[in-house]
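Listing of entry_10.cif; format and content: mmCIF, C-alpha atoms and all ligand atoms.
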```cif
data_work
#
loop_
_atom_site.group_PDB
_atom_site.id
_atom_site.type_symbol
_atom_site.label_atom_id
_atom_site.label_comp_id
_atom_site.auth_asym_id
_atom_site.auth_seq_id
_atom_site.Cartn_x
_atom_site.Cartn_y
_atom_site.Cartn_z
ATOM 1 C CA MET I 1 107.332 98.512 88.762
ATOM 2 C CA LYS I 2 107.895 95.066 87.286
ATOM 3 C CA ALA I 3 104.541 93.597 86.222
ATOM 4 C CA PHE I 4 103.512 89.948 86.604
ATOM 5 C CA THR I 5 100.458 87.707 86.235
ATOM 6 C CA ALA I 6 99.699 84.538 88.204
ATOM 7 C CA ASP I 7 101.374 82.577 85.373
ATOM 8 C CA THR I 8 104.549 84.649 85.081
ATOM 9 C CA CYS I 9 104.976 85.312 88.759
ATOM 10 C CA ASP I 10 108.067 83.426 89.972
ATOM 11 C CA PRO I 11 108.222 83.857 93.784
ATOM 12 C CA ASP I 12 112.053 83.944 93.767
ATOM 13 C CA LEU I 13 112.092 86.776 91.244
ATOM 14 C CA VAL I 14 109.488 88.763 93.164
ATOM 15 C CA VAL I 15 111.304 88.298 96.484
ATOM 16 C CA LYS I 16 114.509 89.557 94.851
ATOM 17 C CA GLU I 17 112.728 92.613 93.515
ATOM 18 C CA LEU I 18 111.189 93.394 96.907
ATOM 19 C CA LEU I 19 114.472 93.077 98.804
ATOM 20 C CA ASN I 20 117.074 94.323 96.340
ATOM 21 C CA GLY I 21 115.184 95.890 93.421
ATOM 22 C CA LYS I 22 112.617 98.666 93.421
ATOM 23 C CA GLY I 23 110.808 97.294 96.476
ATOM 24 C CA ALA I 24 107.419 97.006 94.738
ATOM 25 C CA VAL I 25 105.801 94.902 91.981
ATOM 26 C CA VAL I 26 102.356 94.759 90.401
ATOM 27 C CA ILE I 27 100.482 91.488 89.775
ATOM 28 C CA LYS I 28 97.587 91.594 87.335
ATOM 29 C CA GLY I 29 94.529 89.436 86.771
ATOM 30 C CA LEU I 30 94.155 87.821 90.212
ATOM 31 C CA PHE I 31 90.549 88.963 90.806
ATOM 32 C CA SER I 32 87.354 89.013 88.744
ATOM 33 C CA LYS I 33 85.480 92.209 87.893
ATOM 34 C CA ASP I 34 82.641 91.058 90.161
ATOM 35 C CA GLU I 35 84.950 90.563 93.141
ATOM 36 C CA ILE I 36 86.413 94.038 92.694
ATOM 37 C CA ALA I 37 82.937 95.597 92.335
ATOM 38 C CA ASP I 38 81.700 93.721 95.419
ATOM 39 C CA ALA I 39 84.664 94.841 97.544
ATOM 40 C CA ARG I 40 84.329 98.431 96.358
ATOM 41 C CA SER I 41 80.627 98.680 97.103
ATOM 42 C CA ILE I 42 81.040 97.264 100.640
ATOM 43 C CA ILE I 43 83.827 99.774 101.347
ATOM 44 C CA MET I 44 81.799 102.694 99.969
ATOM 45 C CA ASP I 45 78.877 101.662 102.216
ATOM 46 C CA TYR I 46 81.024 101.428 105.342
ATOM 47 C CA SER I 47 82.803 104.731 104.686
ATOM 48 C CA GLN I 48 79.839 107.059 104.464
ATOM 49 C CA ASN I 49 81.183 108.732 107.583
ATOM 50 C CA ALA I 50 84.742 109.828 108.285
ATOM 51 C CA ASP I 51 86.856 107.548 110.483
ATOM 52 C CA LYS I 52 90.445 107.412 111.698
ATOM 53 C CA VAL I 53 93.218 108.370 109.294
ATOM 54 C CA THR I 54 96.959 107.713 109.548
ATOM 55 C CA HIS I 55 100.143 109.479 108.422
ATOM 56 C CA PHE I 56 98.174 112.510 107.258
ATOM 57 C CA GLN I 57 99.869 115.701 106.135
ATOM 58 C CA GLY I 58 100.421 118.047 109.059
ATOM 59 C CA ASN I 59 99.608 121.455 107.578
ATOM 60 C CA ALA I 60 96.380 123.287 108.373
ATOM 61 C CA GLU I 61 94.948 123.169 104.872
ATOM 62 C CA GLU I 62 95.367 119.418 104.621
ATOM 63 C CA THR I 63 94.134 118.887 108.187
ATOM 64 C CA GLY I 64 90.895 120.637 107.204
ATOM 65 C CA LYS I 65 90.384 117.955 104.548
ATOM 66 C CA LEU I 66 91.002 115.011 106.846
ATOM 67 C CA ASP I 67 87.504 113.637 106.510
ATOM 68 C CA LEU I 68 88.228 113.138 102.799
ATOM 69 C CA GLN I 69 90.564 110.225 103.597
ATOM 70 C CA ARG I 70 88.586 107.408 105.206
ATOM 71 C CA ARG I 71 89.479 103.995 106.623
ATOM 72 C CA VAL I 72 87.380 100.880 106.948
ATOM 73 C CA TRP I 73 88.990 98.446 109.402
ATOM 74 C CA ASN I 74 88.485 94.736 110.098
ATOM 75 C CA LEU I 75 87.377 93.908 106.560
ATOM 76 C CA LEU I 76 87.220 90.131 107.162
ATOM 77 C CA ALA I 77 84.024 90.755 109.141
ATOM 78 C CA LYS I 78 82.505 92.823 106.345
ATOM 79 C CA GLY I 79 82.390 90.462 103.346
ATOM 80 C CA ASP I 80 83.586 87.035 102.165
ATOM 81 C CA VAL I 81 85.404 88.636 99.261
ATOM 82 C CA PHE I 82 87.996 89.997 101.732
ATOM 83 C CA SER I 83 88.869 86.503 103.030
ATOM 84 C CA LYS I 84 89.485 85.520 99.423
ATOM 85 C CA MET I 85 91.699 88.569 98.866
ATOM 86 C CA ALA I 86 93.645 87.998 102.103
ATOM 87 C CA ALA I 87 94.532 84.391 101.208
ATOM 88 C CA GLU I 88 95.074 84.825 97.439
ATOM 89 C CA PRO I 89 97.214 81.779 96.465
ATOM 90 C CA THR I 90 99.784 83.522 94.225
ATOM 91 C CA VAL I 91 100.479 86.072 96.948
ATOM 92 C CA MET I 92 100.557 83.356 99.653
ATOM 93 C CA ALA I 93 103.274 81.502 97.701
ATOM 94 C CA ILE I 94 105.433 84.636 97.419
ATOM 95 C CA LEU I 95 104.970 85.600 101.053
ATOM 96 C CA ARG I 96 105.845 82.113 102.313
ATOM 97 C CA LYS I 97 109.294 82.751 100.843
ATOM 98 C CA PHE I 98 109.495 86.406 101.822
ATOM 99 C CA LEU I 99 108.246 86.304 105.439
ATOM 100 C CA GLY I 100 108.588 82.623 106.326
ATOM 101 C CA SER I 101 106.092 79.843 105.695
ATOM 102 C CA GLU I 102 103.996 80.631 108.790
ATOM 103 C CA PHE I 103 103.622 84.390 108.182
ATOM 104 C CA ILE I 104 100.513 86.156 109.501
ATOM 105 C CA MET I 105 98.277 89.084 108.589
ATOM 106 C CA GLY I 106 98.520 92.207 110.766
ATOM 107 C CA SER I 107 95.653 94.202 109.291
ATOM 108 C CA ILE I 108 93.172 94.268 106.421
ATOM 109 C CA ALA I 109 91.581 97.666 105.923
ATOM 110 C CA ALA I 110 90.460 99.971 103.150
ATOM 111 C CA ASN I 111 91.724 103.429 102.309
ATOM 112 C CA ARG I 112 89.203 105.593 100.467
ATOM 113 C CA ILE I 113 90.365 109.029 99.355
ATOM 114 C CA LEU I 114 87.501 111.177 98.148
ATOM 115 C CA PRO I 115 87.925 113.739 95.334
ATOM 116 C CA GLY I 116 89.894 116.660 96.770
ATOM 117 C CA GLY I 117 91.225 114.452 99.584
ATOM 118 C CA PRO I 118 94.751 114.879 100.939
ATOM 119 C CA GLY I 119 97.823 112.690 100.646
ATOM 120 C CA GLN I 120 99.899 111.303 103.499
ATOM 121 C CA GLU I 121 103.381 112.100 104.769
ATOM 122 C CA PRO I 122 106.089 109.891 103.277
ATOM 123 C CA HIS I 123 106.541 107.025 105.734
ATOM 124 C CA ILE I 124 107.386 103.362 106.225
ATOM 125 C CA ASP I 125 104.901 100.810 107.512
ATOM 126 C CA TYR I 126 104.311 98.844 110.705
ATOM 127 C CA PRO I 127 106.312 97.577 112.562
ATOM 128 C CA TYR I 128 108.720 100.272 111.294
ATOM 129 C CA TRP I 129 106.085 103.023 111.327
ATOM 130 C CA ASP I 130 107.583 104.824 114.339
ATOM 131 C CA PHE I 131 111.144 104.372 113.150
ATOM 132 C CA HIS I 132 111.519 108.152 113.413
ATOM 133 C CA SER I 133 112.132 107.156 117.066
ATOM 134 C CA GLU I 134 114.868 104.744 116.038
ATOM 135 C CA LYS I 135 116.108 104.252 119.586
ATOM 136 C CA THR I 136 112.813 102.585 120.553
ATOM 137 C CA HIS I 137 113.807 99.698 118.247
ATOM 138 C CA PRO I 138 116.652 97.185 118.712
ATOM 139 C CA ILE I 139 120.153 98.423 117.949
ATOM 140 C CA GLY I 140 121.417 97.457 114.519
ATOM 141 C CA LEU I 141 117.976 96.677 113.095
ATOM 142 C CA ASN I 142 118.140 96.847 109.323
ATOM 143 C CA SER I 143 116.125 95.716 106.312
ATOM 144 C CA SER I 144 118.335 92.781 105.321
ATOM 145 C CA PHE I 145 115.389 90.596 106.326
ATOM 146 C CA PRO I 146 111.784 91.781 106.041
ATOM 147 C CA MET I 147 109.359 92.240 108.903
ATOM 148 C CA ASN I 148 106.543 93.513 106.699
ATOM 149 C CA ALA I 149 104.917 93.044 103.294
ATOM 150 C CA GLN I 150 102.148 95.324 102.092
ATOM 151 C CA VAL I 151 99.471 94.571 99.522
ATOM 152 C CA SER I 152 97.309 97.240 97.907
ATOM 153 C CA ILE I 153 94.405 95.862 95.892
ATOM 154 C CA ILE I 154 93.381 98.660 93.580
ATOM 155 C CA LEU I 155 89.628 99.222 93.281
ATOM 156 C CA ASP I 156 89.555 102.499 91.271
ATOM 157 C CA PRO I 157 91.943 103.762 88.589
ATOM 158 C CA PHE I 158 95.237 104.647 90.301
ATOM 159 C CA THR I 159 96.560 107.547 88.203
ATOM 160 C CA GLU I 160 98.872 110.462 88.987
ATOM 161 C CA GLU I 161 95.755 112.620 89.189
ATOM 162 C CA SER I 162 93.769 110.327 91.499
ATOM 163 C CA GLY I 163 96.612 110.028 94.021
ATOM 164 C CA ALA I 164 98.233 106.676 93.180
ATOM 165 C CA THR I 165 100.659 105.773 95.970
ATOM 166 C CA ALA I 166 104.090 107.380 95.543
ATOM 167 C CA TYR I 167 107.266 105.479 96.491
ATOM 168 C CA VAL I 168 111.032 105.831 96.158
ATOM 169 C CA PRO I 169 112.445 102.771 94.372
ATOM 170 C CA GLY I 170 115.299 101.152 96.275
ATOM 171 C CA SER I 171 114.698 103.107 99.492
ATOM 172 C CA GLN I 172 113.879 99.866 101.333
ATOM 173 C CA LYS I 173 117.533 98.823 101.248
ATOM 174 C CA GLU I 174 118.510 101.288 103.953
ATOM 175 C CA LEU I 175 116.080 101.043 106.854
ATOM 176 C CA ARG I 176 115.384 104.671 107.726
ATOM 177 C CA TYR I 177 112.444 106.997 108.157
ATOM 178 C CA PRO I 178 112.365 109.470 105.220
ATOM 179 C CA VAL I 179 113.276 113.074 106.048
ATOM 180 C CA GLU I 180 112.807 116.366 104.202
ATOM 181 C CA ALA I 181 116.372 116.287 102.810
ATOM 182 C CA ASP I 182 115.650 113.000 100.999
ATOM 183 C CA GLY I 183 113.658 114.907 98.363
ATOM 184 C CA PHE I 184 110.912 112.292 98.378
ATOM 185 C CA TYR I 185 108.703 114.084 95.854
ATOM 186 C CA ASP I 186 111.592 114.646 93.394
ATOM 187 C CA ASN I 187 112.692 111.009 93.518
ATOM 188 C CA CYS I 188 109.397 109.137 93.701
ATOM 189 C CA GLU I 189 107.608 106.956 91.173
ATOM 190 C CA ARG I 190 103.918 106.104 91.344
ATOM 191 C CA MET I 191 102.129 102.769 91.862
ATOM 192 C CA LEU I 192 99.852 103.233 88.840
ATOM 193 C CA GLY I 193 97.222 100.581 88.181
ATOM 194 C CA GLU I 194 93.790 99.517 87.046
ATOM 195 C CA PRO I 195 90.974 98.171 89.227
ATOM 196 C CA GLY I 196 91.875 94.555 90.045
ATOM 197 C CA ASP I 197 95.647 95.062 89.998
ATOM 198 C CA LEU I 198 97.504 94.069 93.147
ATOM 199 C CA VAL I 199 100.607 95.966 94.218
ATOM 200 C CA LEU I 200 102.935 94.098 96.547
ATOM 201 C CA PHE I 201 105.681 96.047 98.301
ATOM 202 C CA PHE I 202 108.119 95.845 101.195
ATOM 203 C CA GLY I 203 106.836 98.349 103.757
ATOM 204 C CA ALA I 204 110.361 99.592 104.502
ATOM 205 C CA THR I 205 110.127 101.351 101.118
ATOM 206 C CA TRP I 206 109.403 105.084 101.598
ATOM 207 C CA HIS I 207 105.899 105.708 100.326
ATOM 208 C CA CYS I 208 102.634 107.597 100.831
ATOM 209 C CA ALA I 209 99.173 108.109 99.384
ATOM 210 C CA MET I 210 99.079 111.232 97.215
ATOM 211 C CA PRO I 211 96.291 113.850 97.018
ATOM 212 C CA ASN I 212 93.276 112.887 94.942
ATOM 213 C CA ASN I 213 92.884 115.655 92.365
ATOM 214 C CA SER I 214 90.506 113.628 90.180
ATOM 215 C CA ASN I 215 86.728 113.699 90.174
ATOM 216 C CA HIS I 216 86.344 110.096 91.404
ATOM 217 C CA ASP I 217 86.899 108.213 94.660
ATOM 218 C CA ARG I 218 90.195 106.374 95.042
ATOM 219 C CA ASN I 219 89.668 103.101 96.930
ATOM 220 C CA ALA I 220 92.161 100.370 97.793
ATOM 221 C CA VAL I 221 92.238 97.379 100.111
ATOM 222 C CA LEU I 222 95.429 97.529 102.174
ATOM 223 C CA ILE I 223 96.720 94.297 103.670
ATOM 224 C CA GLN I 224 99.637 94.079 106.066
ATOM 225 C CA TYR I 225 101.533 90.783 106.372
ATOM 226 C CA LEU I 226 104.121 90.025 109.068
ATOM 227 C CA PRO I 227 106.424 87.222 110.218
ATOM 228 C CA LYS I 228 104.645 84.971 112.699
ATOM 229 C CA TRP I 229 106.362 86.547 115.723
ATOM 230 C CA VAL I 230 105.561 90.211 115.078
ATOM 231 C CA LYS I 231 102.627 91.487 117.143
ATOM 232 C CA PRO I 232 99.785 92.195 114.661
ATOM 233 C CA MET I 233 98.305 95.678 114.436
ATOM 234 C CA GLU I 234 94.614 94.694 114.384
ATOM 235 C CA ASP I 235 93.325 92.112 116.875
ATOM 236 C CA MET I 236 91.361 90.249 114.241
ATOM 237 C CA PRO I 237 90.436 87.069 116.194
ATOM 238 C CA ALA I 238 88.920 89.301 118.909
ATOM 239 C CA ALA I 239 86.938 91.304 116.362
ATOM 240 C CA LEU I 240 85.494 88.283 114.535
ATOM 241 C CA SER I 241 82.665 85.995 115.613
ATOM 242 C CA SER I 242 83.617 82.585 117.022
ATOM 243 C CA ALA I 243 81.703 81.024 114.090
ATOM 244 C CA PHE I 244 83.947 82.882 111.640
ATOM 245 C CA VAL I 245 87.100 81.727 113.433
ATOM 246 C CA ASP I 246 85.851 78.117 113.765
ATOM 247 C CA ASN I 247 85.030 77.918 110.050
ATOM 248 C CA ALA I 248 88.188 79.632 108.807
ATOM 249 C CA SER I 249 90.224 77.795 106.156
ATOM 250 C CA LYS I 250 93.708 76.485 106.952
ATOM 251 C CA ASP I 251 95.350 79.480 105.282
ATOM 252 C CA LEU I 252 93.055 81.942 107.033
ATOM 253 C CA ARG I 253 93.758 80.349 110.433
ATOM 254 C CA GLN I 254 97.454 80.853 109.756
ATOM 255 C CA LEU I 255 96.828 84.487 108.752
ATOM 256 C CA LEU I 256 94.864 85.080 111.950
ATOM 257 C CA GLY I 257 97.895 83.946 113.956
ATOM 258 C CA LEU I 258 96.127 80.923 115.425
ATOM 259 C CA ASN I 259 99.066 78.598 114.673
ATOM 260 C CA TYR I 260 101.387 80.623 116.881
ATOM 261 C CA PRO I 261 99.255 81.753 119.787
ATOM 262 C CA TYR I 262 101.734 83.601 122.025
ATOM 263 C CA PRO I 263 101.747 85.086 124.617
ATOM 264 C CA GLU I 264 100.234 82.232 126.592
ATOM 265 C CA VAL I 265 100.201 81.339 130.274
ATOM 266 C CA LEU I 266 102.707 78.481 130.288
ATOM 267 C CA ASP I 267 102.845 77.817 134.023
ATOM 268 C CA ALA I 268 101.024 74.561 134.805
ATOM 269 C CA ALA I 269 99.349 76.478 137.611
ATOM 270 C CA LYS I 270 97.437 78.836 135.311
ATOM 271 C CA ALA I 271 95.882 82.086 136.490
ATOM 272 C CA GLY I 272 93.732 81.521 139.558
ATOM 273 C CA ASN I 273 95.432 78.267 140.519
ATOM 274 C CA THR I 274 97.735 79.143 143.404
ATOM 275 C CA GLU I 275 98.251 75.585 144.700
ATOM 276 C CA GLY I 276 101.988 75.666 144.088
ATOM 277 C CA ARG I 277 102.400 78.782 146.194
ATOM 278 C CA LYS I 278 103.627 78.393 149.771
HETATM 279 O O1 LIG Q 1 96.509 104.334 100.179
HETATM 280 C C1 LIG Q 1 97.691 104.454 99.862
HETATM 281 O O2 LIG Q 1 98.061 104.890 98.767
HETATM 282 C C2 LIG Q 1 98.783 104.067 100.823
HETATM 283 C C3 LIG Q 1 98.341 103.997 102.245
HETATM 284 C C4 LIG Q 1 99.479 103.761 103.181
HETATM 285 O O3 LIG Q 1 100.600 103.720 102.814
HETATM 286 C C5 LIG Q 1 99.228 103.558 104.629
HETATM 287 O O4 LIG Q 1 98.137 103.854 105.097
HETATM 288 O O5 LIG Q 1 100.147 103.119 105.338
HETATM 289 FE FE FE Q 2 101.960 102.959 104.330
#
```

Just dump the structure as structure tokens.
Amino acid sequence: MKAFTADTCDPDLVVKELLNGKGAVVIKGLFSKDEIADARSIIMDYSQNADKVTHFQGNAEETGKLDLQRRVWNLLAKGDVFSKMAAEPTVMAILRKFLGSEFIMGSIAANRILPGGPGQEPHIDYPYWDFHSEKTHPIGLNSSFPMNAQVSIILDPFTEESGATAYVPGSQKELRYPVEADGFYDNCERMLGEPGDLVLFFGATWHCAMPNNSNHDRNAVLIQYLPKWVKPMEDMPAALSSAFVDNASKDLRQLLGLNYPYPEVLDAAKAGNTEGRK
């Protein structure tokens, strides 16, 4: 992956790399050690018990280890540090170019893979995540324009051993769900990184978490960003207190989708008002 810092990170270059290059970049030095430690400890606290997992491996042995891959959803409600991560200015500037200036956030969750925990199936991300049923999507849909950007903020060393995300460089150019014959594991590279690194990738790139064969937990914050008109995956405004929503910064209000609040009842005679009816 091409590596950048806030200073070297030219949004045009990054957008080019996401669309026509490898599909993923790493940006270093955006968060302090304290912020990373704070985020990690909140996630460890909230993931004492197993929760929902996604895209897990289907075989029996891996299924038996499912509780070793844990999710923590709705992170904005769980610590201020996650609002800061969601609206990180360098990433906001890139995504304004990549997804349109009014892009939104579809989800902010953590993925913790415990030692011995399983990997996932190679996949592509929401809203392409069920693209194995291609006919449920519009005809001719391709990845010439992006409907997703994914951020992984790395909270523990991401090594080959600890299950750093695997991805196939360039696979985003042809919008398709990966199949066995693609030889994912022979062609993949890994998103290696240190705590504090941020990996940004186009979710049409074939990828998956890999098994954690190390002796330490492997935590990451996963953030999904979408164009303003794609239905978000988590209903964040509904899951947050009204005080949180009222006090949200301008950028956070945009990320919560509050600038583009459809669907709405547009009939002047709103629900319950049947005056116009004869
Ligand atoms: O945690 C990872 O390495 C990737 C997770 C992922 O791709 C997903 O849950 O969609
Ligand atoms: Fe994914």

Handout entry: Selection under test: the PyMOL selection byres (((chain I and resi 185) around 9) and not hetatm); residues as a ChimeraX atom specification
Key = /I:122,166-168,182-184,186-189

Practice task
Go ahead and compute the interatomic distance for CA of Ala110 in chain I and CA of Leu141 in chain I, in Å to one decimal.
Solution key: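 Rounded to one decimal, the two atoms are 29.4 Å apart.
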
Problem - Hits from the PyMOL selection byres (((not hetatm)) within 8 of (chain Q and resi 2)), listed as a list of chain:residue names - result: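 Applied to this file, the PyMOL selection byres (((not hetatm)) within 8 of (chain Q and resi 2)) returns I:His55, I:His123, I:Ile124, I:Asp125, I:Tyr126, I:Gln150, I:Gly203, I:His207, I:Cys208, I:Ala209.
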
Exercise for the section: Could you please extract the residues within 10 Å of ligand LIG 1 (chain Q), counting all atoms listed in the file, and hand them back as a ChimeraX atom specification? Expected result: /I:53-56,69-71,109-113,119-126,129,150-154,158,163-167,190-191,203,205-211,218-224

Write the residues of the selection above to a file with C-alpha atoms, as an mmCIF file, in the coordinates of the input.
```cif
data_model
loop_
_atom_site.group_PDB
_atom_site.id
_atom_site.type_symbol
_atom_site.label_atom_id
_atom_site.label_comp_id
_atom_site.auth_asym_id
_atom_site.auth_seq_id
_atom_site.Cartn_x
_atom_site.Cartn_y
_atom_site.Cartn_z
ATOM 1 C CA VAL I 53 93.218 108.370 109.294
ATOM 2 C CA THR I 54 96.959 107.713 109.548
ATOM 3 C CA HIS I 55 100.143 109.479 108.422
ATOM 4 C CA PHE I 56 98.174 112.510 107.258
ATOM 5 C CA GLN I 69 90.564 110.225 103.597
ATOM 6 C CA ARG I 70 88.586 107.408 105.206
ATOM 7 C CA ARG I 71 89.479 103.995 106.623
ATOM 8 C CA ALA I 109 91.581 97.666 105.923
ATOM 9 C CA ALA I 110 90.460 99.971 103.150
ATOM 10 C CA ASN I 111 91.724 103.429 102.309
ATOM 11 C CA ARG I 112 89.203 105.593 100.467
ATOM 12 C CA ILE I 113 90.365 109.029 99.355
ATOM 13 C CA GLY I 119 97.823 112.690 100.646
ATOM 14 C CA GLN I 120 99.899 111.303 103.499
ATOM 15 C CA GLU I 121 103.381 112.100 104.769
ATOM 16 C CA PRO I 122 106.089 109.891 103.277
ATOM 17 C CA HIS I 123 106.541 107.025 105.734
ATOM 18 C CA ILE I 124 107.386 103.362 106.225
ATOM 19 C CA ASP I 125 104.901 100.810 107.512
ATOM 20 C CA TYR I 126 104.311 98.844 110.705
ATOM 21 C CA TRP I 129 106.085 103.023 111.327
ATOM 22 C CA GLN I 150 102.148 95.324 102.092
ATOM 23 C CA VAL I 151 99.471 94.571 99.522
ATOM 24 C CA SER I 152 97.309 97.240 97.907
ATOM 25 C CA ILE I 153 94.405 95.862 95.892
ATOM 26 C CA ILE I 154 93.381 98.660 93.580
ATOM 27 C CA PHE I 158 95.237 104.647 90.301
ATOM 28 C CA GLY I 163 96.612 110.028 94.021
ATOM 29 C CA ALA I 164 98.233 106.676 93.180
ATOM 30 C CA THR I 165 100.659 105.773 95.970
ATOM 31 C CA ALA I 166 104.090 107.380 95.543
ATOM 32 C CA TYR I 167 107.266 105.479 96.491
ATOM 33 C CA ARG I 190 103.918 106.104 91.344
ATOM 34 C CA MET I 191 102.129 102.769 91.862
ATOM 35 C CA GLY I 203 106.836 98.349 103.757
ATOM 36 C CA THR I 205 110.127 101.351 101.118
ATOM 37 C CA TRP I 206 109.403 105.084 101.598
ATOM 38 C CA HIS I 207 105.899 105.708 100.326
ATOM 39 C CA CYS I 208 102.634 107.597 100.831
ATOM 40 C CA ALA I 209 99.173 108.109 99.384
ATOM 41 C CA MET I 210 99.079 111.232 97.215
ATOM 42 C CA PRO I 211 96.291 113.850 97.018
ATOM 43 C CA ARG I 218 90.195 106.374 95.042
ATOM 44 C CA ASN I 219 89.668 103.101 96.930
ATOM 45 C CA ALA I 220 92.161 100.370 97.793
ATOM 46 C CA VAL I 221 92.238 97.379 100.111
ATOM 47 C CA LEU I 222 95.429 97.529 102.174
ATOM 48 C CA ILE I 223 96.720 94.297 103.670
ATOM 49 C CA GLN I 224 99.637 94.079 106.066
#
```

Handout entry: Picked residues, the PyMOL selection byres (((chain I and resi 39) around 12) and not hetatm), as a ChimeraX atom specification
Key = /I:31-38,40-46,72,75-76,78-85,109-110,153-156,195-196,219-221

Could you write out the selected residues, including C-alpha atoms, as an mmCIF file, in the coordinates of the input?
```cif
data_model
loop_
_atom_site.group_PDB
_atom_site.id
_atom_site.type_symbol
_atom_site.label_atom_id
_atom_site.label_comp_id
_atom_site.auth_asym_id
_atom_site.auth_seq_id
_atom_site.Cartn_x
_atom_site.Cartn_y
_atom_site.Cartn_z
ATOM 1 C CA PHE I 31 90.549 88.963 90.806
ATOM 2 C CA SER I 32 87.354 89.013 88.744
ATOM 3 C CA LYS I 33 85.480 92.209 87.893
ATOM 4 C CA ASP I 34 82.641 91.058 90.161
ATOM 5 C CA GLU I 35 84.950 90.563 93.141
ATOM 6 C CA ILE I 36 86.413 94.038 92.694
ATOM 7 C CA ALA I 37 82.937 95.597 92.335
ATOM 8 C CA ASP I 38 81.700 93.721 95.419
ATOM 9 C CA ARG I 40 84.329 98.431 96.358
ATOM 10 C CA SER I 41 80.627 98.680 97.103
ATOM 11 C CA ILE I 42 81.040 97.264 100.640
ATOM 12 C CA ILE I 43 83.827 99.774 101.347
ATOM 13 C CA MET I 44 81.799 102.694 99.969
ATOM 14 C CA ASP I 45 78.877 101.662 102.216
ATOM 15 C CA TYR I 46 81.024 101.428 105.342
ATOM 16 C CA VAL I 72 87.380 100.880 106.948
ATOM 17 C CA LEU I 75 87.377 93.908 106.560
ATOM 18 C CA LEU I 76 87.220 90.131 107.162
ATOM 19 C CA LYS I 78 82.505 92.823 106.345
ATOM 20 C CA GLY I 79 82.390 90.462 103.346
ATOM 21 C CA ASP I 80 83.586 87.035 102.165
ATOM 22 C CA VAL I 81 85.404 88.636 99.261
ATOM 23 C CA PHE I 82 87.996 89.997 101.732
ATOM 24 C CA SER I 83 88.869 86.503 103.030
ATOM 25 C CA LYS I 84 89.485 85.520 99.423
ATOM 26 C CA MET I 85 91.699 88.569 98.866
ATOM 27 C CA ALA I 109 91.581 97.666 105.923
ATOM 28 C CA ALA I 110 90.460 99.971 103.150
ATOM 29 C CA ILE I 153 94.405 95.862 95.892
ATOM 30 C CA ILE I 154 93.381 98.660 93.580
ATOM 31 C CA LEU I 155 89.628 99.222 93.281
ATOM 32 C CA ASP I 156 89.555 102.499 91.271
ATOM 33 C CA PRO I 195 90.974 98.171 89.227
ATOM 34 C CA GLY I 196 91.875 94.555 90.045
ATOM 35 C CA ASN I 219 89.668 103.101 96.930
ATOM 36 C CA ALA I 220 92.161 100.370 97.793
ATOM 37 C CA VAL I 221 92.238 97.379 100.111
#
```

Exercise for the section: Report the distance between CA of Gln172 in chain I and CA of Asn148 in chain I in Å, rounded to one decimal place. Expected result: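 According to the coordinates, CA of Gln172 in chain I and CA of Asn148 in chain I are separated by 11.1 Å.
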
Problem - Atomic separation - CA of Tyr128 in chain I relative to CA of Pro115 in chain I, Å - result: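 Result for CA of Pro115 in chain I versus CA of Tyr128 in chain I: 29.5 Å, one decimal.
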
Practice task
May I ask which of the residues I:Ala248, I:Leu258, I:Val15, I:Leu30 is the closest one to Lys2 in chain I, counting all atoms listed in the file?
Solution key: I:Val15

Problem - For Asp217 in chain I, the nearest of the candidates I:Ser162, I:Ser143, I:Thr8, I:Ser242, counting all atoms listed in the file - result: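 The answer is I:Ser162, which sits nearest to Asp217 in chain I.
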
Problem - Proximity to Ser241 in chain I - best of I:Ala204, I:Leu192, I:Ala77, I:Leu226, all atoms listed in the file - result: I:Ala77

Practice task
List the neighbours of range 24-27 of chain I out to 8 Å using all atoms listed in the file; skip same-chain residues closer than 6 positions along the sequence, and give me the result as a PyMOL selection string.
Solution key: chain I and resi 1-6+9+14+17-18+169+197-202

Practice task
Select, from I:Lys228, I:Lys28, I:Lys65, I:Lys135, the residue with the minimum atom-to-atom distance to Val91 in chain I, counting all atoms listed in the file.
Solution key: I:Lys28
